[in-house]
file data.cif (mmCIF, C-alpha atoms and all ligand atoms)
data_data
#
loop_
_atom_site.label_atom_id
_atom_site.label_comp_id
_atom_site.auth_asym_id
_atom_site.auth_seq_id
_atom_site.Cartn_x
_atom_site.Cartn_y
_atom_site.Cartn_z
CA MET V 1 -67.49 -17.97 116.42
CA THR V 2 -65.44 -14.82 116.86
CA GLU V 3 -66.90 -11.79 118.53
CA MET V 4 -66.75 -9.92 115.21
CA SER V 5 -68.92 -12.44 113.38
CA ALA V 6 -71.47 -13.09 116.14
CA PRO V 7 -74.97 -12.14 114.96
CA MET V 8 -76.49 -9.26 116.87
CA THR V 9 -79.77 -9.90 118.66
CA PRO V 10 -82.44 -7.57 117.24
CA PHE V 11 -83.07 -5.78 120.52
CA LEU V 12 -79.42 -4.91 120.82
CA ASN V 13 -79.14 -3.69 117.27
CA PHE V 14 -81.46 -0.70 117.42
CA ASN V 15 -80.88 0.24 113.81
CA LEU V 16 -82.42 -3.05 112.67
CA ASN V 17 -85.79 -2.55 114.37
CA GLU V 18 -88.23 -3.07 111.49
CA THR V 19 -90.46 -0.07 112.24
CA HIS V 20 -87.40 2.14 112.47
CA LEU V 21 -86.09 0.83 109.17
CA GLU V 22 -89.43 1.59 107.51
CA ILE V 23 -89.46 5.09 108.99
CA ARG V 24 -85.89 5.67 107.85
CA GLU V 25 -86.65 4.54 104.34
CA ALA V 26 -89.81 6.65 104.03
CA VAL V 27 -88.15 9.77 105.45
CA ARG V 28 -85.10 9.23 103.24
CA ASP V 29 -87.38 8.98 100.24
CA LEU V 30 -89.09 12.25 101.17
CA CYS V 31 -85.75 13.94 101.78
CA SER V 32 -84.50 12.88 98.35
CA HIS V 33 -86.82 15.54 96.95
CA TYR V 34 -84.95 18.14 99.04
CA PRO V 35 -81.31 17.60 98.08
CA ASP V 36 -78.21 19.57 99.10
CA GLU V 37 -78.95 22.35 96.59
CA TYR V 38 -82.35 22.95 98.21
CA TRP V 39 -80.88 23.40 101.70
CA ARG V 40 -77.96 25.44 100.32
CA LYS V 41 -80.32 27.87 98.63
CA VAL V 42 -82.48 28.22 101.75
CA ASP V 43 -79.31 28.86 103.77
CA GLU V 44 -77.90 31.40 101.31
CA ALA V 45 -81.22 33.27 101.20
CA ARG V 46 -81.55 33.03 105.01
CA GLY V 47 -84.96 31.64 104.21
CA PHE V 48 -87.19 29.02 105.78
CA PRO V 49 -87.62 25.58 104.16
CA GLU V 50 -91.38 26.01 103.91
CA GLU V 51 -91.80 23.45 101.12
CA PHE V 52 -89.87 20.80 103.05
CA VAL V 53 -91.76 21.49 106.29
CA ASN V 54 -95.09 21.23 104.45
CA ALA V 55 -94.06 17.96 102.84
CA LEU V 56 -92.96 16.50 106.19
CA THR V 57 -96.25 17.63 107.73
CA GLU V 58 -98.39 16.27 104.89
CA ALA V 59 -96.63 12.93 105.11
CA GLY V 60 -97.66 12.85 108.80
CA TRP V 61 -94.15 12.77 110.25
CA LEU V 62 -94.60 15.84 112.44
CA ALA V 63 -97.64 14.16 114.00
CA ALA V 64 -95.66 11.02 114.83
CA MET V 65 -96.14 11.42 118.58
CA ILE V 66 -99.78 12.57 118.49
CA PRO V 67 -102.09 9.76 119.65
CA GLU V 68 -104.17 8.09 116.93
CA GLU V 69 -107.46 9.28 118.49
CA TYR V 70 -106.34 12.84 117.63
CA GLY V 71 -105.26 12.00 114.10
CA GLY V 72 -101.56 11.24 114.68
CA SER V 73 -99.59 8.00 114.52
CA GLY V 74 -99.29 7.38 118.27
CA LEU V 75 -95.58 6.62 118.05
CA GLY V 76 -93.02 7.31 120.75
CA LEU V 77 -90.06 9.61 121.16
CA THR V 78 -87.84 6.84 119.78
CA GLU V 79 -89.62 6.89 116.43
CA ALA V 80 -89.78 10.70 116.41
CA SER V 81 -86.03 10.72 116.97
CA VAL V 82 -85.51 8.39 114.00
CA VAL V 83 -87.42 10.85 111.78
CA LEU V 84 -85.26 13.79 112.84
CA GLU V 85 -82.03 11.82 112.71
CA GLU V 86 -82.79 10.77 109.16
CA VAL V 87 -83.52 14.36 108.05
CA ASN V 88 -80.08 15.41 109.28
CA ARG V 89 -78.45 12.30 107.93
CA CYS V 90 -79.81 13.23 104.50
CA GLY V 91 -78.19 16.68 104.72
CA GLY V 92 -81.22 18.63 105.99
CA ASN V 93 -81.75 20.55 109.21
CA SER V 94 -84.30 19.27 111.71
CA GLY V 95 -83.86 22.46 113.71
CA THR V 96 -86.57 23.84 111.45
CA VAL V 97 -89.18 21.39 112.74
CA HIS V 98 -88.13 19.69 115.97
CA GLY V 99 -90.11 22.05 118.24
CA GLN V 100 -93.36 20.31 117.43
CA MET V 101 -91.91 16.96 118.49
CA TYR V 102 -90.43 18.07 121.80
CA ASN V 103 -93.41 20.24 122.74
CA MET V 104 -95.44 17.01 122.63
CA GLY V 105 -93.34 15.83 125.58
CA THR V 106 -95.04 18.56 127.61
CA LEU V 107 -98.50 18.84 126.05
CA LEU V 108 -99.35 15.13 125.87
CA ARG V 109 -98.39 14.56 129.50
CA HIS V 110 -99.71 17.70 131.13
CA GLY V 111 -102.26 19.32 128.79
CA SER V 112 -105.99 19.03 129.63
CA ASP V 113 -108.38 16.98 127.49
CA ALA V 114 -109.92 20.24 126.25
CA GLN V 115 -106.48 21.58 125.19
CA LYS V 116 -105.63 18.33 123.44
CA LYS V 117 -109.01 18.22 121.66
CA MET V 118 -108.62 21.81 120.56
CA LEU V 119 -105.04 21.53 119.29
CA LEU V 120 -103.92 18.03 118.47
CA PRO V 121 -106.25 17.21 115.52
CA LYS V 122 -105.33 20.53 113.89
CA ILE V 123 -101.62 20.01 114.51
CA ALA V 124 -101.89 16.47 113.11
CA SER V 125 -103.63 17.73 109.95
CA GLY V 126 -101.07 20.51 109.52
CA GLU V 127 -103.62 23.28 110.01
CA LEU V 128 -101.74 24.50 113.11
CA ARG V 129 -98.10 24.43 114.19
CA LEU V 130 -96.83 24.24 117.76
CA GLN V 131 -93.17 24.80 116.99
CA SER V 132 -92.03 27.22 119.70
CA MET V 133 -91.05 26.99 123.35
CA GLY V 134 -90.19 30.18 125.27
CA VAL V 135 -87.86 29.58 128.21
CA THR V 136 -84.57 31.51 127.86
CA GLU V 137 -84.34 35.13 129.05
CA PRO V 138 -81.65 37.71 128.31
CA THR V 139 -80.72 38.61 131.87
CA THR V 140 -80.83 35.17 133.50
CA GLY V 141 -79.68 32.76 130.75
CA THR V 142 -79.22 29.22 131.94
CA ASP V 143 -80.26 30.14 135.47
CA THR V 144 -83.88 29.40 134.49
CA THR V 145 -85.46 29.49 137.93
CA GLN V 146 -84.47 33.17 138.19
CA LEU V 147 -86.46 34.12 135.09
CA LYS V 148 -88.18 37.48 135.32
CA THR V 149 -91.15 37.17 132.97
CA THR V 150 -94.31 37.23 135.07
CA ALA V 151 -97.88 36.08 134.46
CA VAL V 152 -100.33 37.66 136.89
CA LYS V 153 -103.90 36.37 137.20
CA LYS V 154 -106.50 39.10 136.60
CA GLY V 155 -110.08 37.77 136.45
CA ASP V 156 -110.24 35.05 133.81
CA ARG V 157 -106.90 35.99 132.19
CA TYR V 158 -103.19 36.02 132.93
CA VAL V 159 -101.32 39.22 132.11
CA VAL V 160 -97.75 38.62 130.95
CA ASN V 161 -94.86 41.09 131.16
CA GLY V 162 -91.18 40.49 130.50
CA GLN V 163 -88.73 39.42 127.84
CA LYS V 164 -87.40 36.24 126.23
CA VAL V 165 -84.48 35.69 123.91
CA TRP V 166 -83.52 33.08 121.31
CA ILE V 167 -87.05 31.82 120.90
CA SER V 168 -87.08 29.82 117.70
CA ARG V 169 -89.60 29.33 114.87
CA ILE V 170 -91.99 32.00 116.20
CA GLN V 171 -92.49 33.34 112.69
CA HIS V 172 -93.43 29.87 111.47
CA SER V 173 -95.60 28.70 114.32
CA ASP V 174 -99.17 29.32 115.49
CA TYR V 175 -98.61 28.43 119.14
CA MET V 176 -95.80 28.63 121.69
CA ILE V 177 -95.44 27.02 125.11
CA LEU V 178 -94.34 29.81 127.45
CA LEU V 179 -92.70 29.49 130.88
CA ALA V 180 -93.37 32.43 133.24
CA ARG V 181 -93.33 33.10 136.97
CA THR V 182 -96.82 33.19 138.54
CA THR V 183 -95.69 33.45 142.18
CA PRO V 184 -92.78 35.70 143.20
CA ARG V 185 -89.61 33.73 143.96
CA GLU V 186 -89.46 35.00 147.56
CA GLN V 187 -92.92 33.54 148.29
CA CYS V 188 -91.89 30.04 147.16
CA ALA V 189 -90.25 27.43 149.38
CA LYS V 190 -88.18 26.17 146.44
CA LYS V 191 -86.82 28.13 143.50
CA THR V 192 -88.35 25.58 141.07
CA GLU V 193 -91.84 26.35 142.39
CA GLY V 194 -94.12 29.23 141.36
CA MET V 195 -93.59 28.99 137.60
CA SER V 196 -96.32 28.03 135.15
CA ILE V 197 -96.59 27.13 131.50
CA PHE V 198 -99.10 28.48 129.02
CA LEU V 199 -100.21 27.94 125.47
CA VAL V 200 -99.80 31.26 123.67
CA ASP V 201 -101.80 31.73 120.48
CA LEU V 202 -99.20 33.66 118.48
CA ARG V 203 -101.73 34.70 115.85
CA GLU V 204 -103.62 36.66 118.51
CA ALA V 205 -100.64 37.69 120.64
CA ILE V 206 -98.32 39.30 118.08
CA GLY V 207 -99.15 42.98 117.90
CA HIS V 208 -101.40 42.73 120.98
CA GLY V 209 -98.89 42.63 123.81
CA LEU V 210 -96.21 40.53 122.12
CA THR V 211 -93.49 42.06 119.94
CA VAL V 212 -91.10 39.84 117.99
CA ARG V 213 -87.61 40.95 116.94
CA PRO V 214 -85.69 38.46 114.76
CA ILE V 215 -82.04 37.73 115.65
CA LEU V 216 -79.66 37.37 112.72
CA ASN V 217 -77.30 34.54 113.64
CA MET V 218 -74.48 32.26 112.50
CA VAL V 219 -76.80 29.40 111.57
CA ASN V 220 -79.82 29.97 109.38
CA HIS V 221 -82.00 29.36 112.43
CA GLU V 222 -85.16 31.42 112.75
CA THR V 223 -84.89 32.73 116.29
CA ASN V 224 -86.14 35.85 118.03
CA GLU V 225 -86.29 38.23 120.94
CA LEU V 226 -89.76 38.48 122.47
CA PHE V 227 -91.12 41.46 124.39
CA PHE V 228 -94.25 41.00 126.50
CA ASP V 229 -96.16 44.15 127.40
CA ASN V 230 -99.42 43.29 129.19
CA LEU V 231 -100.06 40.32 126.92
CA GLU V 232 -103.36 38.71 127.98
CA ILE V 233 -103.67 34.92 127.95
CA PRO V 234 -107.05 33.27 128.68
CA GLU V 235 -106.90 31.18 131.89
CA GLU V 236 -107.88 28.03 129.98
CA ASN V 237 -104.48 28.24 128.25
CA LEU V 238 -102.66 27.40 131.50
CA ILE V 239 -101.17 23.92 131.14
CA GLY V 240 -101.67 21.73 134.23
CA GLU V 241 -101.64 23.29 137.68
CA GLU V 242 -100.43 26.82 138.35
CA GLY V 243 -96.96 26.85 139.93
CA LYS V 244 -95.84 23.46 138.61
CA GLY V 245 -94.68 24.62 135.20
CA PHE V 246 -90.98 24.04 135.77
CA LYS V 247 -91.59 20.38 136.54
CA TYR V 248 -93.84 20.06 133.46
CA ILE V 249 -91.48 21.75 131.07
CA LEU V 250 -88.67 19.39 132.08
CA ASP V 251 -90.51 16.67 130.12
CA GLY V 252 -90.29 18.91 127.05
CA LEU V 253 -86.64 19.74 127.77
CA ASN V 254 -85.67 16.07 128.19
CA ALA V 255 -87.50 15.22 124.96
CA GLU V 256 -85.68 18.12 123.27
CA ARG V 257 -82.23 16.97 124.47
CA THR V 258 -82.90 13.42 123.33
CA LEU V 259 -84.21 14.49 119.92
CA ILE V 260 -81.27 16.81 119.41
CA ALA V 261 -78.94 13.94 120.31
CA ALA V 262 -80.54 11.97 117.47
CA GLU V 263 -80.12 14.94 115.10
CA CYS V 264 -76.44 15.14 116.02
CA ILE V 265 -76.11 11.42 115.37
CA GLY V 266 -77.61 12.05 111.90
CA ASP V 267 -75.16 14.90 111.35
CA GLY V 268 -72.25 12.78 112.56
CA TYR V 269 -72.97 9.98 110.10
CA TRP V 270 -73.43 12.54 107.33
CA PHE V 271 -69.99 14.08 108.04
CA VAL V 272 -68.23 10.72 108.20
CA ASP V 273 -69.94 9.46 105.01
CA ARG V 274 -68.97 12.59 103.12
CA ALA V 275 -65.41 12.50 104.40
CA VAL V 276 -64.92 8.82 103.57
CA LYS V 277 -66.25 9.33 100.04
CA TYR V 278 -63.96 12.28 99.48
CA ALA V 279 -60.95 10.56 101.07
CA ASN V 280 -61.39 7.62 98.70
CA GLU V 281 -61.68 9.86 95.64
CA ARG V 282 -59.22 12.68 96.20
CA VAL V 283 -55.78 11.83 94.86
CA VAL V 284 -52.75 13.80 96.12
CA PHE V 285 -49.12 12.62 95.89
CA GLY V 286 -50.35 9.93 93.50
CA ARG V 287 -52.64 8.14 95.97
CA PRO V 288 -56.06 8.63 97.56
CA ILE V 289 -55.70 10.80 100.64
CA GLY V 290 -57.69 8.12 102.53
CA LYS V 291 -54.65 5.84 102.31
CA ASN V 292 -52.92 8.06 104.86
CA GLN V 293 -53.55 7.05 108.44
CA GLY V 294 -53.45 10.72 109.41
CA VAL V 295 -56.64 11.07 107.36
CA GLN V 296 -58.18 7.74 108.39
CA PHE V 297 -57.78 7.91 112.15
CA PRO V 298 -59.86 11.02 112.92
CA LEU V 299 -62.66 9.50 110.83
CA ALA V 300 -62.41 6.14 112.60
CA GLU V 301 -62.44 7.95 115.93
CA ALA V 302 -65.47 10.03 114.93
CA HIS V 303 -67.33 6.92 113.76
CA MET V 304 -66.77 5.16 117.09
CA GLU V 305 -67.88 8.19 119.07
CA ILE V 306 -71.07 8.51 117.04
CA GLU V 307 -71.85 4.82 117.53
CA ALA V 308 -71.27 5.07 121.28
CA ALA V 309 -73.38 8.23 121.62
CA ASN V 310 -76.11 6.51 119.65
CA LEU V 311 -76.44 3.86 122.36
CA MET V 312 -77.03 6.53 124.99
CA ARG V 313 -79.55 8.24 122.68
CA TYR V 314 -81.57 5.00 122.46
CA ARG V 315 -81.37 4.54 126.21
CA ALA V 316 -82.78 8.04 126.75
CA CYS V 317 -85.53 7.37 124.18
CA ALA V 318 -86.50 4.07 125.80
CA GLN V 319 -86.63 5.60 129.28
CA PHE V 320 -88.72 8.54 128.06
CA ASP V 321 -91.15 6.25 126.22
CA ALA V 322 -91.48 4.01 129.29
CA GLY V 323 -92.40 7.07 131.38
CA LEU V 324 -89.25 6.63 133.50
CA ALA V 325 -87.01 9.44 134.77
CA CYS V 326 -84.72 10.10 131.84
CA GLY V 327 -82.90 13.33 132.84
CA PRO V 328 -79.46 11.71 133.22
CA ALA V 329 -79.68 9.73 129.97
CA ALA V 330 -81.17 12.67 128.02
CA ASN V 331 -78.41 15.03 129.18
CA MET V 332 -75.62 12.50 128.60
CA ALA V 333 -77.01 11.57 125.18
CA LYS V 334 -77.17 15.20 124.11
CA HIS V 335 -73.65 15.89 125.37
CA LEU V 336 -72.04 12.80 123.81
CA ALA V 337 -73.87 13.15 120.50
CA ALA V 338 -73.18 16.89 120.16
CA LYS V 339 -69.50 16.26 120.92
CA ALA V 340 -69.33 13.35 118.46
CA SER V 341 -71.02 15.32 115.66
CA TRP V 342 -68.75 18.29 116.26
CA GLU V 343 -65.63 16.10 116.12
CA ALA V 344 -66.97 14.45 112.97
CA ALA V 345 -67.60 17.92 111.50
CA ASN V 346 -64.01 18.96 112.19
CA ALA V 347 -62.60 15.74 110.75
CA CYS V 348 -64.80 16.11 107.65
CA LEU V 349 -63.73 19.70 107.08
CA GLN V 350 -60.08 18.80 107.51
CA THR V 351 -60.40 15.86 105.12
CA HIS V 352 -61.78 18.19 102.45
CA GLY V 353 -58.93 20.66 102.80
CA GLY V 354 -59.79 23.96 101.09
CA PHE V 355 -62.89 22.53 99.44
CA GLY V 356 -64.49 22.09 102.84
CA PHE V 357 -64.85 25.86 102.95
CA ALA V 358 -66.68 26.08 99.63
CA CYS V 359 -70.44 26.47 100.13
CA GLU V 360 -71.17 24.08 97.27
CA TYR V 361 -69.81 21.16 99.31
CA ASP V 362 -72.36 21.85 102.11
CA ILE V 363 -69.84 21.00 104.79
CA GLU V 364 -69.44 24.54 106.09
CA ARG V 365 -73.26 24.80 106.37
CA LYS V 366 -73.61 21.55 108.30
CA PHE V 367 -70.50 22.51 110.33
CA ARG V 368 -72.27 25.69 111.49
CA GLU V 369 -75.53 23.88 112.09
CA THR V 370 -74.05 21.15 114.28
CA ARG V 371 -71.88 23.62 116.26
CA LEU V 372 -75.05 25.11 117.73
CA TYR V 373 -75.65 21.99 119.80
CA GLN V 374 -72.63 22.62 122.02
CA VAL V 375 -74.55 25.63 123.33
CA ALA V 376 -78.27 25.04 122.78
CA PRO V 377 -80.56 23.83 124.15
CA ILE V 378 -78.13 23.52 127.06
CA SER V 379 -74.43 24.28 127.05
CA THR V 380 -71.75 21.62 127.62
CA ASN V 381 -70.60 23.06 130.97
CA LEU V 382 -74.07 22.87 132.41
CA ILE V 383 -74.39 19.21 131.49
CA LEU V 384 -70.97 18.46 132.96
CA SER V 385 -71.91 20.18 136.21
CA TYR V 386 -75.27 18.33 136.26
CA VAL V 387 -73.48 14.98 135.93
CA ALA V 388 -70.83 15.93 138.52
CA GLU V 389 -73.40 17.08 141.05
CA HIS V 390 -76.43 14.87 140.50
CA LEU V 391 -74.88 11.63 139.27
CA LEU V 392 -71.50 11.65 141.01
CA GLY V 393 -72.49 13.42 144.24
CA LEU V 394 -69.84 16.15 143.97
CA PRO V 395 -70.54 19.53 145.61
CA ARG V 396 -72.51 22.09 143.62
CA SER V 397 -70.08 24.66 142.29
CA PHE V 398 -72.44 27.61 141.83
C1 LIG V 401 -79.90 29.49 117.65
C2 LIG V 401 -80.47 29.34 119.04
C3 LIG V 401 -81.77 28.89 119.18
C4 LIG V 401 -82.33 28.79 120.46
N1 LIG V 401 -83.66 28.43 120.59
C5 LIG V 401 -84.26 28.51 121.82
C6 LIG V 401 -85.67 28.31 121.96
O1 LIG V 401 -86.38 28.03 121.01
N2 LIG V 401 -86.22 28.47 123.20
C7 LIG V 401 -85.48 28.79 124.30
O2 LIG V 401 -86.05 28.93 125.37
N3 LIG V 401 -84.13 29.00 124.18
C8 LIG V 401 -83.51 28.85 122.99
N4 LIG V 401 -82.14 29.06 122.86
C9 LIG V 401 -81.37 29.46 124.04
C10 LIG V 401 -80.39 28.39 124.51
O3 LIG V 401 -81.10 27.37 125.16
C11 LIG V 401 -79.38 29.11 125.40
O4 LIG V 401 -78.58 29.93 124.57
C12 LIG V 401 -78.52 28.13 126.18
O5 LIG V 401 -79.29 27.43 127.12
C13 LIG V 401 -77.39 28.87 126.90
O6 LIG V 401 -77.90 29.95 127.64
P1 LIG V 401 -77.27 31.41 127.49
O7 LIG V 401 -77.13 31.67 126.03
O8 LIG V 401 -78.11 32.34 128.26
O9 LIG V 401 -75.85 31.26 128.10
P2 LIG V 401 -75.39 31.65 129.58
O10 LIG V 401 -76.27 31.00 130.59
O11 LIG V 401 -75.21 33.12 129.63
O12 LIG V 401 -73.97 30.96 129.61
C14 LIG V 401 -72.88 31.46 128.82
C15 LIG V 401 -71.70 30.51 128.95
O13 LIG V 401 -71.28 30.45 130.30
C16 LIG V 401 -71.29 29.11 130.75
N5 LIG V 401 -71.73 29.05 132.14
C17 LIG V 401 -72.76 29.73 132.72
N6 LIG V 401 -72.87 29.40 134.01
C18 LIG V 401 -71.89 28.49 134.26
C19 LIG V 401 -71.50 27.77 135.42
N7 LIG V 401 -72.12 27.90 136.59
N8 LIG V 401 -70.45 26.91 135.30
C20 LIG V 401 -69.79 26.76 134.14
N9 LIG V 401 -70.12 27.42 133.01
C21 LIG V 401 -71.16 28.28 133.07
C22 LIG V 401 -72.25 28.36 129.86
O14 LIG V 401 -71.93 26.98 129.77
C23 LIG V 401 -72.06 29.08 128.53
O15 LIG V 401 -71.02 28.49 127.81
C24 LIG V 401 -81.55 29.12 121.60
C25 LIG V 401 -80.22 29.53 121.42
C26 LIG V 401 -79.67 29.65 120.17
C27 LIG V 401 -78.27 30.15 120.03
#

call {"tool": "encode", "arguments": {"input": "data.cif", "output": "structure tokens"}}
result
Amino acid sequence: MTEMSAPMTPFLNFNLNETHLEIREAVRDLCSHYPDEYWRKVDEARGFPEEFVNALTEAGWLAAMIPEEYGGSGLGLTEASVVLEEVNRCGGNSGTVHGQMYNMGTLLRHGSDAQKKMLLPKIASGELRLQSMGVTEPTTGTDTTQLKTTAVKKGDRYVVNGQKVWISRIQHSDYMILLARTTPREQCAKKTEGMSIFLVDLREAIGHGLTVRPILNMVNHETNELFFDNLEIPEENLIGEEGKGFKYILDGLNAERTLIAAECIGDGYWFVDRAVKYANERVVFGRPIGKNQGVQFPLAEAHMEIEAANLMRYRACAQFDAGLACGPAANMAKHLAAKASWEAANACLQTHGGFGFACEYDIERKFRETRLYQVAPISTNLILSYVAEHLLGLPRSF
């Protein structure tokens, strides 16, 4: 038996896991009601895909990771990643909903029973959304431990002052998980200490200490500047222990990187599928353009890179779901998948020639959407330096 014809064992062929196949099929079916034209119109209007988000919520997909006792499906990050991958693979944009999945990485592990009882059943039923996570600040950027937003304990409340930038889905969420400094940096032995995370009830906060200023941007991504001016948060909204927030939020950040890797995989397959279809149909010089190796090779290359990145994505998912340290795999998966989807996007655009630029082909929209993941939630350079320093043992460069 040649290597090519050898049957793949089920555990090595992740795409053939039966539960995953069922999830894919069900999500694909739901997405078929939200075709290209739907997403194109939302993009053109710079709107929010409210109808799609409601449908995904009603079908229970955004409660995939919520334990069954709280009304969810009790699935893992792996299954959540399949949902988001499939949305992107069908031409949609999971950036509109992924916050609720990755915030579970933090809340399920570090939230109190009271917080879970208060929030999870309502999130599972769709009554509440927990779609936002506030980390990035305008003056410190990726240097997160230097963040300047403070939360100072006064009686039974924390009083928050400071600023955040690029905080997504605030206008379509009821809660946000906020990272703020509770002990001044100079009083902490380590720079990662002295930060805490809080549940912020946006319905109460906006207009009462929290001001939101939307940022118009290249992608139709609802994202905002936040200004905190003596915003009061009840002490029971502190997640876990005070001062350990940076450690806690890493679970959310690793979940986010892994989920975004899956979304990029979905994008990558979408780009290659579209390009192959077009390359087979478009006839120039009396033959399909796909007959030219100059057209074939970038697509073959993109396909291989997506497949390879997909393996790292499943490794990160498996480690996260097993409760193992998954930082290296999550970062590498995000980097490889974002790179693969971006290369696939370029190859797809090139294959389409001028038509790739026409909005009605949806390629320019997906091209913009997938480009974001070279920068957010963490930029490529920062992942490269993480791998160089923490995995290879090279000296820290900054
Ligand atoms: C559409 C969008 C949505 C977002 N949503 C959210 C959200 O919901 N919540 C949230 O908290 N944040 C969000 N972000 C923020 C995002 O995580 C940051 O933009 C990202 O982490 C990069 O940070 P920065 O923009 O401050 O870049 P900077 O830290 O200013 O870096 C700028 C550039 O310099 C490079 N650089 C910096 N330092 C080094 C170094 N030492 N070595 C090499 N290169 C370096 C970086 O790689 C980058 O390319 C969002 C951003 C965008 C654009």

call {"tool": "residues_near_ligand", "arguments": {"input": "data.cif", "ligand": "ligand LIG 401 (chain V)", "cutoff": "6 Å", "atoms": "all atoms listed in the file", "output": "list of chain:residue names"}}
result
V:Ser132, V:Met133, V:Gly134, V:Val135, V:Thr136, V:Gly141, V:Thr142, V:Trp166, V:Ile167, V:Ser168, V:His221, V:Thr223, V:Val375, V:Ala376, V:Pro377, V:Ile378, V:Ser379, V:Thr380, V:Asn381, V:Leu382, V:Phe398

call {"tool": "closest_atom_pairs", "arguments": {"input": "data.cif", "of": "region 99-128 of chain V", "to": "region 257-277 of chain V", "cutoff": "10 Å", "atoms": "only C-alpha atoms", "output": "JSON lines"}}
result
{"residue": "V:Gly99", "atom": "CA", "partner": "V:Leu259", "partner_atom": "CA", "distance": 9.7}
{"residue": "V:Met101", "atom": "CA", "partner": "V:Leu259", "partner_atom": "CA", "distance": 8.2}
{"residue": "V:Tyr102", "atom": "CA", "partner": "V:Leu259", "partner_atom": "CA", "distance": 7.4}

call {"tool": "atom_distance", "arguments": {"input": "data.cif", "atom1": "CA of Arg313 (chain V)", "atom2": "CA of Lys339 (chain V)"}}
result
13.0 Å

call {"tool": "closest_residue", "arguments": {"input": "data.cif", "among": "V:Leu372, V:Val97, V:Ile197, V:Leu77", "to": "Gly111 (chain V)", "atoms": "all atoms listed in the file"}}
result
V:Ile197

call {"tool": "axis_aligned_box", "arguments": {"input": "data.cif", "around": "region 181-195 of chain V", "padding_each_side": "4 Å", "output": "AutoDock Vina command-line options"}}
result
--center_x -91.8 --center_y 30.6 --center_z 143.2 --size_x 18.0 --size_y 18.1 --size_z 20.4

call {"tool": "closest_residue", "arguments": {"input": "data.cif", "among": "V:Gly209, V:Ile66, V:Cys90, V:Thr140", "to": "Lys116 (chain V)", "atoms": "all atoms listed in the file"}}
result
V:Ile66

call {"tool": "atom_distance", "arguments": {"input": "data.cif", "atom1": "CA of Asp36 (chain V)", "atom2": "CA of Thr351 (chain V)"}}
result
19.2 Å

call {"tool": "atom_distance", "arguments": {"input": "data.cif", "atom1": "CA of Leu130 (chain V)", "atom2": "CA of Tyr386 (chain V)"}}
result
29.0 Å

call {"tool": "closest_residue", "arguments": {"input": "data.cif", "among": "V:Ala124, V:Tyr175, V:Ala189, V:Ala337", "to": "Glu204 (chain V)", "atoms": "all atoms listed in the file"}}
result
V:Tyr175

call {"tool": "residues_around", "arguments": {"input": "data.cif", "residues": "region 224-237 of chain V", "least_positions_apart": "5", "cutoff": "6 Å", "atoms": "all atoms listed in the file", "output": "list in words"}}
result
Asp156, Arg157, Tyr158, Val159, Val160, Asn161, Gly162, Gln163, Lys164, Val165, Trp166, Ile167, Phe198, Leu199, Gly209, Leu210, Thr211, Val212, Arg213, Pro214 and Ile215 of chain V

call {"tool": "residues_near_point", "arguments": {"input": "data.cif", "point": "(-82.6, 16.5, 135.6)", "cutoff": "8 Å", "atoms": "only C-alpha atoms", "output": "list in words"}}
result
Leu250, Cys326, Gly327, Pro328, Asn331 and Tyr386 of chain V

call {"tool": "residues_near_point", "arguments": {"input": "data.cif", "point": "(-87.4, 12.9, 130.3)", "cutoff": "12 Å", "atoms": "all atoms listed in the file", "output": "PyMOL selection string"}}
result
chain V and resi 77+102+104-106+109+247-259+313+315-333

call {"tool": "closest_residue", "arguments": {"input": "data.cif", "among": "V:Gly74, V:Gly95, V:Pro288, V:Gly294", "to": "Glu222 (chain V)", "atoms": "only C-alpha atoms"}}
result
V:Gly95

call {"tool": "residues_around", "arguments": {"input": "data.cif", "residues": "Asp43 (chain V)", "least_positions_apart": "2", "cutoff": "12 Å", "atoms": "only C-alpha atoms", "output": "JSON, numbers by chain"}}
result
{"V": [36, 37, 38, 39, 40, 41, 45, 46, 47, 48, 49, 92, 93, 96, 217, 218, 219, 220, 221, 222, 359, 360, 362, 364, 365, 366, 368, 369]}

call {"tool": "residues_around", "arguments": {"input": "data.cif", "residues": "Gly243 (chain V)", "least_positions_apart": "6", "cutoff": "10 Å", "atoms": "only C-alpha atoms", "output": "ChimeraX atom specification"}}
result
/V:180-183,188,192-197

call {"tool": "build_atoms", "arguments": {"input": "data.cif", "residues": "region 348-353 of chain V", "atoms": "N, CA and C atoms", "output": "JSON list (two decimals), in the coordinates of the input"}}
result
[["chain", "number", "residue", "atom", "x", "y", "z"],
["V", 348, "CYS", "N", -64.29, 16.03, 109.04],
["V", 348, "CYS", "CA", -64.80, 16.11, 107.65],
["V", 348, "CYS", "C", -64.24, 17.35, 106.95],
["V", 349, "LEU", "N", -64.25, 18.46, 107.67],
["V", 349, "LEU", "CA", -63.73, 19.70, 107.08],
["V", 349, "LEU", "C", -62.25, 19.55, 106.76],
["V", 350, "GLN", "N", -61.52, 18.98, 107.70],
["V", 350, "GLN", "CA", -60.08, 18.80, 107.51],
["V", 350, "GLN", "C", -59.80, 17.87, 106.33],
["V", 351, "THR", "N", -60.58, 16.82, 106.22],
["V", 351, "THR", "CA", -60.40, 15.86, 105.12],
["V", 351, "THR", "C", -60.58, 16.55, 103.78],
["V", 352, "HIS", "N", -61.50, 17.50, 103.72],
["V", 352, "HIS", "CA", -61.78, 18.19, 102.45],
["V", 352, "HIS", "C", -60.78, 19.29, 102.14],
["V", 353, "GLY", "N", -59.89, 19.58, 103.05],
["V", 353, "GLY", "CA", -58.93, 20.66, 102.80],
["V", 353, "GLY", "C", -59.69, 21.94, 102.45]]
